[in-house]
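What's in upload-v9.txt: compact mmCIF, C-alpha atoms
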```
# COMPACT_ATOMS: atom_id res chain seq x y z
CA MET A 22 -17.25 18.05 -8.69
CA PRO A 23 -14.66 20.46 -10.18
CA SER A 24 -13.93 20.42 -13.92
CA THR A 25 -11.40 17.87 -15.17
CA LEU A 26 -9.97 20.27 -17.76
CA ALA A 27 -8.12 23.06 -15.99
CA ALA A 28 -5.40 22.72 -13.16
CA LEU A 29 -2.15 20.74 -12.61
CA SER A 30 -1.27 19.09 -9.30
CA ALA A 31 2.07 17.51 -8.44
CA LEU A 32 4.67 16.41 -5.92
CA THR A 33 7.97 16.96 -7.72
CA ALA A 34 11.74 17.66 -7.76
CA LEU A 35 13.56 20.25 -9.90
CA GLY A 36 17.27 20.70 -10.80
CA THR A 37 20.06 20.23 -13.36
CA THR A 38 22.05 17.16 -14.35
CA MET A 39 25.83 16.94 -14.57
CA ALA A 40 25.32 14.68 -17.61
CA VAL A 41 22.34 13.99 -19.84
CA ALA A 42 20.56 11.13 -18.08
CA ASP A 43 17.01 11.15 -16.82
CA PRO A 44 16.13 9.86 -13.37
CA ILE A 45 14.69 6.35 -13.77
CA PHE A 46 11.41 5.34 -12.14
CA SER A 47 12.39 2.03 -10.57
CA SER A 48 9.32 1.09 -8.53
CA GLY A 49 6.17 2.46 -7.01
CA PHE A 50 2.58 1.81 -6.08
CA ALA A 51 -0.55 3.78 -5.30
CA SER A 52 -3.90 3.07 -3.67
CA LEU A 53 -7.01 5.10 -4.49
CA GLU A 54 -10.06 4.64 -2.24
CA PHE A 55 -13.54 6.17 -2.27
CA ASN A 56 -15.72 5.94 0.86
CA PRO A 57 -19.15 7.49 0.32
CA GLY A 58 -19.97 7.70 4.04
CA ALA A 59 -22.10 4.54 4.01
CA GLY A 60 -21.98 1.20 2.25
CA THR A 61 -18.80 -0.45 1.00
CA PRO A 62 -15.76 1.59 -0.06
CA THR A 63 -14.39 1.28 -3.60
CA SER A 64 -10.62 0.89 -3.97
CA VAL A 65 -8.10 0.65 -6.80
CA THR A 66 -4.48 -0.49 -6.44
CA LEU A 67 -1.83 0.54 -8.98
CA SER A 68 1.48 -1.34 -9.10
CA PRO A 69 3.39 0.18 -10.70
CA ILE A 70 2.09 3.74 -10.91
CA PRO A 71 1.43 4.40 -14.62
CA VAL A 72 3.10 6.92 -16.93
CA LEU A 73 -0.10 7.98 -18.67
CA LEU A 74 -2.38 10.20 -16.60
CA SER A 75 -6.02 9.16 -16.36
CA ASN A 76 -8.76 8.72 -13.78
CA GLN A 77 -8.14 5.28 -12.35
CA LEU A 78 -10.85 5.86 -9.71
CA ASP A 79 -14.32 6.95 -10.81
CA ALA A 80 -17.01 5.76 -8.39
CA SER A 81 -20.43 6.80 -7.14
CA TYR A 82 -23.00 5.75 -4.52
CA SER A 83 -26.71 6.44 -4.13
CA SER A 84 -28.97 4.86 -1.53
CA GLY A 85 -31.44 5.93 1.14
CA GLY A 86 -31.11 9.65 0.49
CA LEU A 87 -27.31 9.61 0.42
CA SER A 88 -25.46 10.23 -2.84
CA ALA A 89 -21.73 10.69 -3.31
CA SER A 90 -19.06 10.45 -5.99
CA GLY A 91 -15.28 10.26 -6.01
CA THR A 92 -12.64 10.60 -8.71
CA GLY A 93 -8.86 10.33 -8.75
CA GLY A 94 -5.88 9.64 -10.97
CA ILE A 95 -2.10 9.59 -10.47
CA ASN A 96 0.97 9.14 -12.69
CA HIS A 97 4.74 9.43 -12.59
CA SER A 98 6.88 11.50 -14.95
CA GLU A 99 10.56 12.32 -15.31
CA SER A 100 13.04 14.15 -17.51
CA ALA A 101 16.62 15.42 -17.20
CA SER A 102 15.31 18.27 -15.04
CA HIS A 103 12.53 16.73 -12.94
CA PHE A 104 10.85 13.65 -11.52
CA GLY A 105 7.68 13.25 -9.53
CA LEU A 106 4.01 12.38 -9.29
CA GLY A 107 1.05 14.17 -10.87
CA LEU A 108 -2.69 14.03 -10.24
CA THR A 109 -5.59 14.44 -12.63
CA GLY A 110 -7.52 17.66 -12.60
CA GLY A 111 -10.91 17.01 -11.03
CA SER A 112 -9.60 14.50 -8.49
CA GLY A 113 -11.87 14.94 -5.48
CA VAL A 114 -15.12 14.03 -3.77
CA SER A 115 -18.75 15.19 -3.54
CA GLN A 116 -21.60 14.29 -1.19
CA THR A 117 -25.30 15.11 -0.70
CA ASP A 118 -26.99 13.56 2.33
CA ASN A 119 -30.75 13.98 2.79
CA SER A 120 -31.10 10.97 5.10
CA GLY A 121 -30.27 12.56 8.44
CA LEU A 122 -27.10 12.51 10.52
CA LEU A 123 -26.36 8.79 10.69
CA ASN A 124 -23.89 8.69 7.80
CA GLY A 125 -20.27 9.77 7.70
CA SER A 126 -18.29 12.02 5.39
CA ALA A 127 -17.43 11.05 1.82
CA VAL A 128 -13.68 10.60 1.45
CA VAL A 129 -11.23 10.00 -1.40
CA THR A 130 -7.73 9.00 -0.29
CA ILE A 131 -4.79 8.61 -2.68
CA SER A 132 -1.77 6.92 -1.06
CA PHE A 133 1.51 6.66 -2.97
CA ASN A 134 5.13 5.54 -2.88
CA GLY A 135 7.46 6.18 -5.80
CA VAL A 136 11.19 5.42 -6.10
CA TRP A 137 13.61 6.87 -8.68
CA GLU A 138 17.23 5.94 -9.42
CA MET A 139 19.68 8.69 -10.43
CA GLY A 140 21.53 7.85 -13.65
CA SER A 141 23.66 10.98 -13.13
CA GLN A 142 23.96 13.67 -10.50
CA PHE A 143 20.67 15.49 -10.01
CA GLY A 144 21.45 19.12 -9.21
CA PRO A 145 22.63 21.40 -7.94
CA THR A 146 20.23 22.91 -7.05
CA ALA A 147 17.65 20.19 -6.25
CA ILE A 148 14.30 21.56 -5.09
CA GLY A 149 11.45 19.46 -3.69
CA TYR A 150 7.98 20.90 -3.97
CA ALA A 151 4.28 20.29 -3.55
CA ARG A 152 2.13 22.38 -5.86
CA PHE A 153 -1.66 22.38 -5.93
CA PRO A 154 -2.54 25.74 -7.47
CA SER A 155 -6.31 25.20 -7.61
CA ILE A 156 -8.28 23.48 -4.85
CA THR A 157 -11.93 24.39 -5.34
CA GLY A 158 -15.45 23.36 -4.41
CA VAL A 159 -18.50 24.33 -2.39
CA VAL A 160 -19.72 23.88 1.18
CA GLY A 161 -23.40 23.01 1.47
CA GLU A 162 -25.93 25.19 3.28
CA GLY A 163 -27.01 22.47 5.72
CA SER A 164 -25.79 22.76 9.32
CA GLY A 165 -22.74 20.57 9.86
CA SER A 166 -21.64 20.57 6.22
CA PHE A 167 -17.90 20.97 5.57
CA VAL A 168 -15.00 20.02 3.30
CA GLY A 169 -11.36 19.15 3.90
CA PHE A 170 -8.10 18.62 2.02
CA GLU A 171 -4.93 17.03 3.42
CA VAL A 172 -1.46 16.31 2.04
CA GLU A 173 1.28 14.42 3.84
CA ALA A 174 4.39 13.70 1.78
CA ASN A 175 7.95 12.66 2.58
CA PHE A 176 11.01 13.20 0.37
CA THR A 177 13.75 10.77 1.39
CA GLY A 178 16.91 9.14 0.00
CA GLY A 179 20.05 10.78 -1.35
CA ALA A 180 18.62 14.17 -0.35
CA THR A 181 15.73 15.19 1.88
CA ARG A 182 13.47 18.11 2.65
CA THR A 183 11.03 18.95 5.43
CA PRO A 184 7.94 16.74 5.14
CA VAL A 185 4.95 18.38 3.49
CA ASN A 186 2.13 18.51 6.03
CA PHE A 187 -0.85 20.57 4.88
CA SER A 188 -4.45 20.58 6.11
CA PHE A 189 -7.37 22.73 4.94
CA THR A 190 -10.92 22.67 6.36
CA ARG A 191 -13.87 24.91 5.50
CA SER A 192 -17.36 24.97 7.00
CA THR A 193 -18.61 28.35 5.76
CA PRO A 194 -21.38 27.73 3.19
CA GLY A 195 -20.69 28.69 -0.41
CA ALA A 196 -18.03 28.35 -3.05
CA PHE A 197 -14.34 28.57 -2.17
CA SER A 198 -10.89 28.38 -3.72
CA THR A 199 -7.50 27.83 -2.11
CA SER A 200 -4.04 26.54 -3.07
CA LEU A 201 -0.90 24.86 -1.74
CA ILE A 202 2.58 25.89 -2.89
CA ASP A 203 5.43 24.44 -0.83
CA GLU A 204 8.98 24.63 -2.24
CA GLU A 205 12.23 23.87 -0.42
CA ILE A 206 15.87 23.31 -1.45
CA MET A 207 16.93 19.75 -0.70
CA THR A 208 19.61 18.79 1.82
CA PRO A 209 22.16 18.32 0.36
CA ASP A 210 21.26 20.42 -2.68
CA PHE A 211 22.02 17.57 -5.11
CA ILE A 212 21.41 13.83 -5.41
CA ALA A 213 24.52 11.83 -6.29
CA ALA A 214 24.60 9.47 -9.26
CA GLY A 215 23.59 5.96 -8.28
CA ARG A 216 21.49 7.12 -5.33
CA SER A 217 17.73 6.65 -5.10
CA GLU A 218 14.94 9.01 -4.03
CA THR A 219 11.49 8.22 -2.67
CA ILE A 220 8.33 10.35 -2.58
CA SER A 221 5.68 8.80 -0.32
CA GLY A 222 2.55 9.80 1.57
CA PHE A 223 -1.13 10.47 0.90
CA ILE A 224 -3.62 13.07 -0.36
CA ARG A 225 -7.15 13.11 1.08
CA PHE A 226 -10.35 14.90 0.03
CA THR A 227 -13.31 15.01 2.46
CA ALA A 228 -16.87 16.28 1.94
CA ARG A 229 -19.92 16.29 4.21
CA GLY A 230 -23.07 17.66 2.64
CA ILE A 231 -26.04 17.60 5.01
CA GLU A 232 -29.36 18.25 3.20
CA SER A 233 -27.24 19.97 0.54
CA THR A 234 -24.16 19.33 -1.61
CA SER A 235 -20.55 19.75 -0.51
CA SER A 236 -17.62 19.07 -2.84
CA ILE A 237 -13.87 19.60 -3.03
CA GLY A 238 -11.33 18.76 -5.70
CA LEU A 239 -8.47 19.88 -7.88
CA GLY A 240 -9.68 22.58 -10.19
CA GLY A 241 -9.39 21.59 -13.79
CA VAL A 242 -5.72 20.91 -14.67
CA ASN A 243 -4.30 17.51 -15.53
CA GLY A 244 -0.80 16.89 -14.16
CA GLY A 245 2.02 15.36 -16.15
CA THR A 246 3.23 18.18 -18.41
CA VAL A 247 6.44 19.76 -17.19
CA PRO A 248 7.06 23.49 -17.66
CA PRO A 249 10.45 24.99 -18.64
CA VAL A 250 13.09 25.19 -15.92
CA PRO A 251 14.00 28.84 -15.17
CA GLU A 252 17.54 30.11 -14.69
CA PRO A 253 18.52 31.06 -11.09
CA GLU A 254 18.07 34.81 -11.53
CA GLU A 255 14.67 34.17 -13.12
CA TYR A 256 13.55 31.60 -10.61
CA ALA A 257 12.15 33.86 -7.90
CA SER A 258 9.67 35.50 -10.26
CA ALA A 259 9.19 32.52 -12.57
CA ALA A 260 8.43 29.95 -9.89
CA VAL A 261 4.84 31.02 -9.54
CA LEU A 262 4.34 31.60 -13.27
CA ALA A 263 6.33 28.91 -15.07
CA LEU A 264 5.42 26.20 -12.57
CA ALA A 265 1.77 27.18 -12.34
CA GLY A 266 0.83 24.46 -14.79
CA PHE A 267 2.00 21.52 -12.66
CA ALA A 268 0.47 20.45 -9.37
CA GLY A 269 1.46 17.58 -7.16
CA LEU A 270 4.63 16.29 -5.52
CA SER A 271 7.96 16.59 -7.27
CA ARG A 272 11.66 17.23 -7.23
CA TRP A 273 13.23 19.58 -9.73
CA ARG A 274 16.74 20.58 -10.57
CA GLN A 275 17.43 24.21 -11.19
CA SER A 276 19.72 25.07 -14.11
CA ARG A 277 22.83 27.16 -13.64
CA ARG A 278 24.79 29.41 -15.94
CA GLY A 279 28.53 28.93 -16.05
```

Re-express the file's structure as structure tokens.
Amino acid sequence: MPSTLAALSALTALGTTMAVADPIFSSGFASLEFNPGAGTPTSVTLSPIPVLLSNQLDASYSSGGLSASGTGGINHSESASHFGLGLTGGSGVSQTDNSGLLNGSAVVTISFNGVWEMGSQFGPTAIGYARFPSITGVVGEGSGSFVGFEVEANFTGGATRTPVNFSFTRSTPGAFSTSLIDEEIMTPDFIAAGRSETISGFIRFTARGIESTSSIGLGGVNGGTVPPVPEPEEYASAAVLALAGFAGLSRWRQSRRG
């Protein structure tokens, strides 16, 4: 499994406020499930989603030549310039199957639904993004081994953006690293005071390790710390750098100069 100490993952929104008032997390739930590929799945339900970021799911399985482990954690965070969901670094899944081909893949699925109320206008410019800067792991040497990573997320309410729909699969043996960065200005480009916003969907990690180990997860950064918001003329170059420390699903408001 990847380290739990090095990469931030988030689904978030970015922007400015017309007055100083943070978006308010009004409701939300999450479900974290680990299926080792055999036996009984382990699941955790969070209602509401917590503020503090920790691994709420930490499970393992070992029987009949099959061993697997799954980890995951999710939180919500908000400030005058952002609101969204973050995931723990190291969230992911690992499997080693020496028992033949009768078992299935090991899977960790994190489903979520978060709702925020706008105490003041959020934006302009409101930007919805999914940022997973470090998705790492290894594909086992055994024939039929593979890994996968999926994100489906919807941004709905006072403003919307195109749904995030990302899928990554790798079957070439050996270590790998990839990333997901998906940013889009909301429509409209602000969220009016008194309106609500919802971020919902799921994130899924899959590993099949036949006579060898396969794993995939978020490389070592814990979500939940928000970087500075760049000015418009700085944003194009700063987006990759200043936001590199936060991975997940979010909405941000971008500050403007008068």

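In this structure, atom CA of A:Ala228 sits 26.0 Å away from atom CA of A:Tyr150.
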
Check: Smallest atom-to-atom distance to A:Gly230: which of A:Gly144, A:Pro184, A:Gly94, A:Gly163, using only C-alpha atoms?
Finding: A:Gly163

Could the residues of stretch 112-201 of chain A that have an atom at most 10 Å from stretch 58-70 of chain A be listed as CSV, each with its closest atom pair and the distance in Å to one decimal, counting all atoms listed in the file and ordered by chain and ascending residue number?
```
residue,atom,partner,partner_atom,distance
A:Gln116,CA,A:Gly58,CA,8.6
A:Asp118,CA,A:Gly58,CA,9.3
A:Leu123,CA,A:Ala59,CA,9.0
A:Asn124,CA,A:Gly58,CA,5.5
A:Gly125,CA,A:Gly58,CA,4.2
A:Ser126,CA,A:Gly58,CA,4.8
A:Ala127,CA,A:Gly58,CA,4.8
A:Val128,CA,A:Gly58,CA,7.4
A:Val129,CA,A:Ser64,CA,9.5
A:Thr130,CA,A:Ser64,CA,9.4
A:Ile131,CA,A:Val65,CA,9.6
A:Ser132,CA,A:Thr66,CA,9.5
A:Phe133,CA,A:Ile70,CA,8.5
A:Asn134,CA,A:Ile70,CA,8.8
A:Gly135,CA,A:Ile70,CA,7.8
```

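One distance worth recording is that between atom CA of A:Gly86 and atom CA of A:Ser115, which is 14.1 Å.
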
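Separating atom CA of A:Ala51 from atom CA of A:Gly36 is a distance of 25.2 Å.
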
Next item on the list: Would you please work out which residue, of A:Ser217, A:Thr227, A:Ser141, A:Thr193, is nearest to A:Phe170 when using only C-alpha atoms?
Entry: A:Thr227

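Restricting the calculation to only C-alpha atoms, the smallest distance between A:Phe223 and any of A:Asp43, A:Glu138, A:Asp79, A:Glu173 is found for A:Glu173.
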
Check: With all atoms listed in the file as the atoms that count, which of A:Ser100, A:Asn76, A:Ser52, A:Ser155 lies nearest to A:Thr33?
Finding: A:Ser100

Next item on the list: Identify which of the residues A:Leu239, A:Gly110, A:Pro154, A:Gly215 lies closest to A:Ala42, counting all atoms listed in the file when measuring atom-to-atom distances.
Entry: A:Gly215
